[in-house]
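A.B. asks: Structure incoming, see below.
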Amino acid sequence: PDEIAEVVAWAATKPNLHLVSDELYALSVFGKDAKFTSVMGEVRDYPELRDQRTHVVWAFSKDFGASGFRVGAIHTRNHAVHDAFANLAYFSAVPNPVQLSFAELIDDEEFVEHYVEENKRRLGERYEHLCSLLDQGNISFYPAESGLFVWLDLRGLLTKSEHNANTFEAERDILFKLRDLGVWLAPGESFRSAAPGYFRLCFAQVGEAELQVGIARLAKACKLESKL
């Protein structure tokens with residue numbers, strides 16, 4: 001919340017800057033002491049920023065595991081932005097049957113409340129299991145409190161690449177060598193990582209048994225650095 005408040009206060013001083021808040025994981029916060037804070041709650045004291053330059057995006061893709069349906073929304077008070085998206089939406093409209101399905105879904109408030117809490121619980125359990133496996137394998141990672149992923153630090157493997165260790169060519173080399181060993185990770189380059197050697201691991205889409213096998217393979221690969 002403090003960081004968001006600082007960003008909002010800074011944005012309020014930049015009259016030509018629009019503040020876009022990606023809140024796709026708003027309902028997937030599983031950290032014990034973590035709490036989601038929407039930017040909309042922080043811009044109330046800045047009327048001009050709130051009404052003209054703040055835009056929030058959300059979708060069913062992450063919180064409801066429905067990425068294939070491509071159903072999302074933008075919240076904005078800026079009429080020009082609203083009208084622009086209304087025009088664009090004409091060419092990428094959500095099919096009526098899909099709209100009806102999701103409308104019925106969120107209309108069932110009892111189910112939604114149960115689903116959100118159960119999803120958080122399961123994400124938290126799977127994350128704790130993942131952390132235990134990563135610690136056992138001496139694999140460095142950044143702790144997470146929400147979402148479906150963790151950020152792995154595999155920079156130590158880059159020195160085993162045929163390319164310069166400080167390049168994304170080396171990262172791609174390691175990516176495919178890990179693939180050949182039975183591990184597929186999302187490379188940091190795909191997410192505009194500032195430096196090579198970081199990989200994204202999704203822990204939500206597989207069962208505990210599959211996760212355990214995957215981390216065991218990754219740990220083995222890290223121990224065999226000289227043979228990569």
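Note on naming: chains are A, B, ... as they come in the structure tokens, residues start from 1 per chain, ligands start from 1 in the order shown.
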Name all residues at most 10 Å from segment 26-37 of chain A (count only C-alpha atoms; drop same-chain ones fewer than 3 positions away) and give them as a PyMOL selection string.

C.D. replies: chain A and resi 1-2+4-5+22-23+40-42+58-59+62-64+116-117+119-125+127+143-148

A.B. asks: Write a file of the selected residues as a PDB file, in the first residue's frame, keeping C-alpha atoms.

C.D. replies:
```
ATOM      1  CA  PRO A   1       0.000   0.000   0.000  1.00  0.00           C
ATOM      2  CA  ASP A   2       2.793   2.453   0.853  1.00  0.00           C
ATOM      3  CA  ILE A   4       1.267   2.300  -4.368  1.00  0.00           C
ATOM      4  CA  ALA A   5       0.592   5.538  -2.491  1.00  0.00           C
ATOM      5  CA  ASP A  22      -2.605  -4.164 -14.103  1.00  0.00           C
ATOM      6  CA  GLU A  23      -4.674  -5.910 -11.412  1.00  0.00           C
ATOM      7  CA  MET A  40      -8.425   3.116  -7.227  1.00  0.00           C
ATOM      8  CA  GLY A  41      -8.384   3.309  -3.461  1.00  0.00           C
ATOM      9  CA  GLU A  42      -5.284   5.496  -3.549  1.00  0.00           C
ATOM     10  CA  TRP A  58      -8.542  -6.923 -14.967  1.00  0.00           C
ATOM     11  CA  ALA A  59      -9.513 -10.230 -16.575  1.00  0.00           C
ATOM     12  CA  LYS A  62      -5.596 -15.480 -14.016  1.00  0.00           C
ATOM     13  CA  ASP A  63      -7.904 -15.279 -10.997  1.00  0.00           C
ATOM     14  CA  PHE A  64     -10.408 -17.673 -12.572  1.00  0.00           C
ATOM     15  CA  VAL A 116     -11.763 -17.179  -4.344  1.00  0.00           C
ATOM     16  CA  GLU A 117     -10.982 -18.329  -0.803  1.00  0.00           C
ATOM     17  CA  ASN A 119      -8.143 -20.766  -4.721  1.00  0.00           C
ATOM     18  CA  LYS A 120      -6.060 -18.663  -2.338  1.00  0.00           C
ATOM     19  CA  ARG A 121      -5.735 -21.593   0.055  1.00  0.00           C
ATOM     20  CA  ARG A 122      -4.602 -23.975  -2.653  1.00  0.00           C
ATOM     21  CA  LEU A 123      -2.168 -21.483  -4.144  1.00  0.00           C
ATOM     22  CA  GLY A 124      -0.669 -20.940  -0.705  1.00  0.00           C
ATOM     23  CA  GLU A 125      -0.268 -24.668  -0.090  1.00  0.00           C
ATOM     24  CA  TYR A 127       3.627 -22.335  -3.045  1.00  0.00           C
ATOM     25  CA  PRO A 143       9.604 -15.070  -2.605  1.00  0.00           C
ATOM     26  CA  ALA A 144       6.046 -14.481  -3.801  1.00  0.00           C
ATOM     27  CA  GLU A 145       2.835 -13.487  -2.057  1.00  0.00           C
ATOM     28  CA  SER A 146       0.424 -13.628  -4.973  1.00  0.00           C
ATOM     29  CA  GLY A 147      -0.007 -14.899  -8.489  1.00  0.00           C
ATOM     30  CA  LEU A 148       0.823 -18.226 -10.066  1.00  0.00           C
TER      31      LEU A 148
END
```

A.B. asks: With DSSP run on the backbone, what are the helix (DSSP H, G or I) residues within segment 17-65 of chain A? I'd like them as JSON, numbers by chain.

C.D. replies: {"A": [39, 40, 41, 47, 48, 49, 50, 51, 52, 60, 61, 62, 63]}

A.B. asks: Provide the atom CA of Glu171 of chain A to atom CA of Leu158 of chain A distance in Å, to one decimal place.

C.D. replies: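 Between atom CA of Glu171 of chain A and atom CA of Leu158 of chain A the gap works out to 6.4 Å.
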
A.B. asks: Find the residues around His82 of chain A up to 12 Å (only C-alpha atoms counted), leave out those fewer than 6 positions away in its own chain, and share them as a list in words.

C.D. replies: Asp51, Gln52, Arg53, Thr54, His55, Val56, Ala73, Ile74, His75, Thr76, Leu88 and Ala89 of chain A

A.B. asks: Quick one: distance from atom CA of Leu201 of chain A to atom CA of Gly68 of chain A in Å, one decimal?

C.D. replies: 19.5 Å

A.B. asks: Excluding Glu162 of chain A and any residue of its chain fewer than 2 positions from it, enumerate the residues within 12 Å of it, using only C-alpha atoms, and give them as a ChimeraX atom specification.

C.D. replies: /A:157-160,164-174,177,226-228

A.B. asks: Suppose we keep all heavy atoms; can you now write the selection as a compact mmCIF listing (two decimals), in the first residue's frame?

C.D. replies:
```
# COMPACT_ATOMS: atom_id res chain seq x y z
N LEU A 157 24.11 -20.55 -14.01
CA LEU A 157 24.23 -21.47 -15.13
C LEU A 157 24.75 -20.78 -16.39
O LEU A 157 25.25 -21.45 -17.30
CB LEU A 157 22.87 -22.11 -15.44
CG LEU A 157 22.25 -22.99 -14.35
CD1 LEU A 157 20.90 -23.52 -14.83
CD2 LEU A 157 23.18 -24.15 -13.99
N LEU A 158 24.65 -19.46 -16.45
CA LEU A 158 25.01 -18.74 -17.67
C LEU A 158 26.49 -18.90 -18.02
O LEU A 158 26.86 -18.84 -19.19
CB LEU A 158 24.67 -17.26 -17.53
CG LEU A 158 23.18 -16.92 -17.37
CD1 LEU A 158 23.00 -15.42 -17.27
CD2 LEU A 158 22.37 -17.48 -18.53
N THR A 159 27.33 -19.09 -17.03
CA THR A 159 28.77 -19.23 -17.28
C THR A 159 29.08 -20.53 -18.01
O THR A 159 30.18 -20.70 -18.54
CB THR A 159 29.56 -19.19 -15.96
OG1 THR A 159 29.11 -20.24 -15.10
CG2 THR A 159 29.35 -17.85 -15.27
N LYS A 160 28.11 -21.45 -18.05
CA LYS A 160 28.32 -22.73 -18.72
C LYS A 160 27.86 -22.69 -20.18
O LYS A 160 27.94 -23.69 -20.88
CB LYS A 160 27.58 -23.84 -17.97
CG LYS A 160 27.90 -23.91 -16.48
CD LYS A 160 29.41 -24.04 -16.23
CE LYS A 160 29.72 -24.01 -14.73
NZ LYS A 160 31.18 -24.08 -14.48
N ASN A 164 28.55 -15.37 -24.32
CA ASN A 164 28.91 -14.47 -23.23
C ASN A 164 27.87 -14.59 -22.12
O ASN A 164 26.66 -14.49 -22.37
CB ASN A 164 28.97 -13.03 -23.76
CG ASN A 164 29.47 -12.05 -22.72
OD1 ASN A 164 29.01 -12.03 -21.59
ND2 ASN A 164 30.41 -11.21 -23.12
N ALA A 165 28.31 -14.76 -20.89
CA ALA A 165 27.41 -15.02 -19.77
C ALA A 165 26.46 -13.87 -19.48
O ALA A 165 25.41 -14.07 -18.86
CB ALA A 165 28.21 -15.35 -18.51
N ASN A 166 26.80 -12.68 -19.92
CA ASN A 166 25.97 -11.51 -19.63
C ASN A 166 25.01 -11.18 -20.78
O ASN A 166 24.62 -10.03 -20.94
CB ASN A 166 26.86 -10.30 -19.33
CG ASN A 166 27.65 -10.49 -18.05
OD1 ASN A 166 27.14 -11.00 -17.06
ND2 ASN A 166 28.91 -10.09 -18.08
N THR A 167 24.63 -12.18 -21.54
CA THR A 167 23.77 -11.95 -22.68
C THR A 167 22.54 -12.86 -22.63
O THR A 167 22.53 -13.90 -21.98
CB THR A 167 24.51 -12.22 -24.00
OG1 THR A 167 24.84 -13.63 -24.07
CG2 THR A 167 25.78 -11.39 -24.08
N PHE A 168 21.50 -12.43 -23.34
CA PHE A 168 20.31 -13.25 -23.44
C PHE A 168 20.51 -14.43 -24.38
O PHE A 168 19.75 -15.39 -24.34
CB PHE A 168 19.11 -12.40 -23.89
CG PHE A 168 18.57 -11.53 -22.79
CD1 PHE A 168 18.85 -10.17 -22.78
CD2 PHE A 168 17.81 -12.07 -21.77
CE1 PHE A 168 18.37 -9.36 -21.75
CE2 PHE A 168 17.32 -11.28 -20.74
CZ PHE A 168 17.60 -9.91 -20.73
N GLU A 169 21.57 -14.38 -25.20
CA GLU A 169 21.93 -15.54 -25.99
C GLU A 169 22.31 -16.70 -25.07
O GLU A 169 21.95 -17.86 -25.32
CB GLU A 169 23.09 -15.22 -26.94
CG GLU A 169 22.73 -14.37 -28.13
CD GLU A 169 22.64 -12.89 -27.79
OE1 GLU A 169 22.91 -12.50 -26.63
OE2 GLU A 169 22.30 -12.10 -28.70
N ALA A 170 23.04 -16.37 -24.01
CA ALA A 170 23.41 -17.39 -23.03
C ALA A 170 22.17 -17.92 -22.33
O ALA A 170 22.06 -19.13 -22.07
CB ALA A 170 24.40 -16.80 -22.02
N GLU A 171 21.24 -17.04 -22.02
CA GLU A 171 20.00 -17.47 -21.37
C GLU A 171 19.23 -18.44 -22.27
O GLU A 171 18.73 -19.47 -21.79
CB GLU A 171 19.13 -16.26 -21.04
CG GLU A 171 17.81 -16.62 -20.36
CD GLU A 171 16.98 -15.39 -20.04
OE1 GLU A 171 17.23 -14.77 -18.99
OE2 GLU A 171 16.07 -15.06 -20.85
N ARG A 172 19.12 -18.10 -23.54
CA ARG A 172 18.41 -18.99 -24.48
C ARG A 172 19.13 -20.33 -24.59
O ARG A 172 18.49 -21.39 -24.70
CB ARG A 172 18.30 -18.32 -25.85
CG ARG A 172 17.33 -17.15 -25.86
CD ARG A 172 16.99 -16.73 -27.30
NE ARG A 172 18.13 -16.13 -27.96
CZ ARG A 172 18.40 -14.82 -27.95
NH1 ARG A 172 17.63 -13.98 -27.27
NH2 ARG A 172 19.45 -14.35 -28.59
N ASP A 173 20.45 -20.30 -24.57
CA ASP A 173 21.23 -21.53 -24.63
C ASP A 173 20.90 -22.43 -23.44
O ASP A 173 20.66 -23.64 -23.59
CB ASP A 173 22.73 -21.18 -24.66
CG ASP A 173 23.60 -22.41 -24.89
OD1 ASP A 173 23.14 -23.36 -25.54
OD2 ASP A 173 24.75 -22.41 -24.40
N ILE A 174 20.88 -21.84 -22.24
CA ILE A 174 20.57 -22.60 -21.04
C ILE A 174 19.12 -23.09 -21.08
O ILE A 174 18.82 -24.22 -20.66
CB ILE A 174 20.81 -21.74 -19.78
CG1 ILE A 174 22.29 -21.39 -19.67
CG2 ILE A 174 20.33 -22.47 -18.53
CD1 ILE A 174 23.23 -22.59 -19.62
N LYS A 177 19.00 -26.16 -23.21
CA LYS A 177 19.72 -27.27 -22.58
C LYS A 177 18.91 -27.85 -21.43
O LYS A 177 18.90 -29.06 -21.21
CB LYS A 177 21.09 -26.79 -22.10
CG LYS A 177 22.08 -26.54 -23.24
CD LYS A 177 23.44 -26.11 -22.75
CE LYS A 177 24.41 -25.94 -23.92
NZ LYS A 177 25.74 -25.52 -23.49
N SER A 226 28.59 -28.19 -15.03
CA SER A 226 29.74 -28.35 -15.94
C SER A 226 29.38 -29.18 -17.16
O SER A 226 30.10 -29.16 -18.16
CB SER A 226 30.90 -29.02 -15.20
OG SER A 226 30.53 -30.29 -14.72
N LYS A 227 28.28 -29.91 -17.11
CA LYS A 227 27.89 -30.79 -18.22
C LYS A 227 26.76 -30.22 -19.05
O LYS A 227 26.30 -30.84 -19.98
CB LYS A 227 27.50 -32.16 -17.68
CG LYS A 227 28.63 -32.88 -16.95
CD LYS A 227 28.17 -34.25 -16.47
CE LYS A 227 29.29 -34.98 -15.71
NZ LYS A 227 28.86 -36.32 -15.25
N LEU A 228 26.27 -29.04 -18.68
CA LEU A 228 25.17 -28.47 -19.44
C LEU A 228 25.58 -28.14 -20.87
O LEU A 228 26.72 -27.75 -21.11
CB LEU A 228 24.66 -27.19 -18.74
CG LEU A 228 23.76 -27.40 -17.54
CD1 LEU A 228 23.36 -26.06 -16.96
CD2 LEU A 228 22.50 -28.18 -17.90
```

A.B. asks: Looking only at strand (DSSP E) from DSSP on the backbone, list the matching residues of chain A as a list in words.

C.D. replies: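 DSSP-assigned strand (DSSP E) residues in chain A: Leu19, Val20, Ser21, Asp22, Thr54, His55, Val56, Val57, Trp58, Ala59, Gly72, Ala73, Ile74, His75, Thr76, Phe141, Tyr142, Phe149, Val150, Trp151, Leu152, Asp153, Ala186, Pro187, Tyr198, Phe199, Arg200, Leu201 and Cys202 of chain A.
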
A.B. asks: Nearest residue to Ser92 of chain A out of A:Val71, A:Val150, A:Leu130, A:Ile106, using only C-alpha atoms?

C.D. replies: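 Answer, going by the shortest atom-to-atom distance: A:Val71.
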
A.B. asks: May I ask which of the residues A:Trp184, A:Asp83, A:Gly72, A:Tyr115 is the closest one to Arg200 of chain A, counting only C-alpha atoms?

C.D. replies: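 Comparing A:Trp184, A:Asp83, A:Gly72, A:Tyr115 against Arg200 of chain A, the winner is A:Trp184.
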
A.B. asks: Can you pull out the residues contacting Glu210 of chain A? Cut-off 12 Å, using only C-alpha atoms, and skip same-chain residues under 6 positions away; I want them as a CSV table (one decimal) with N, CA, C and O atoms, in the first residue's frame.

C.D. replies:
```csv
chain,number,residue,atom,x,y,z
A,126,ARG,N,0.4,-24.9,-2.4
A,126,ARG,CA,1.3,-25.3,-3.5
A,126,ARG,C,2.6,-24.5,-3.5
A,126,ARG,O,3.7,-25.0,-3.7
A,129,HIS,N,4.8,-25.8,-0.8
A,129,HIS,CA,5.4,-27.0,-1.2
A,129,HIS,C,6.6,-26.7,-2.2
A,129,HIS,O,7.7,-27.3,-2.1
A,130,LEU,N,6.3,-25.8,-3.1
A,130,LEU,CA,7.4,-25.4,-4.1
A,130,LEU,C,8.6,-24.9,-3.4
A,130,LEU,O,9.7,-25.2,-3.7
A,133,LEU,N,10.7,-27.6,-1.9
A,133,LEU,CA,11.5,-28.3,-3.0
A,133,LEU,C,12.7,-27.5,-3.5
A,133,LEU,O,13.8,-28.0,-3.7
A,182,GLY,N,14.6,-32.2,-19.7
A,182,GLY,CA,13.2,-32.5,-19.3
A,182,GLY,C,12.6,-31.4,-18.4
A,182,GLY,O,11.7,-31.6,-17.7
A,183,VAL,N,13.2,-30.2,-18.5
A,183,VAL,CA,12.6,-29.1,-17.8
A,183,VAL,C,12.4,-27.9,-18.7
A,183,VAL,O,13.2,-27.5,-19.5
A,202,CYS,N,5.9,-21.6,-13.3
A,202,CYS,CA,4.5,-21.6,-12.9
A,202,CYS,C,4.2,-22.8,-12.0
A,202,CYS,O,4.5,-24.0,-12.4
A,203,PHE,N,3.7,-22.6,-10.8
A,203,PHE,CA,3.5,-23.7,-9.9
A,203,PHE,C,2.0,-24.1,-9.7
A,203,PHE,O,1.7,-25.0,-9.0
A,204,ALA,N,1.2,-23.4,-10.4
A,204,ALA,CA,-0.3,-23.6,-10.2
A,204,ALA,C,-0.9,-24.5,-11.2
A,204,ALA,O,-2.0,-25.0,-11.0
A,216,ALA,N,13.0,-31.7,-9.1
A,216,ALA,CA,14.1,-32.7,-9.0
A,216,ALA,C,15.0,-32.7,-10.2
A,216,ALA,O,16.2,-32.7,-10.1
A,217,ARG,N,14.4,-32.6,-11.4
A,217,ARG,CA,15.2,-32.5,-12.6
A,217,ARG,C,16.0,-31.2,-12.7
A,217,ARG,O,17.1,-31.2,-13.1
```

A.B. asks: Between atom CA of Pro187 of chain A and atom CA of Ala219 of chain A, what distance in Å does the model show, to one decimal?

C.D. replies: 17.0 Å
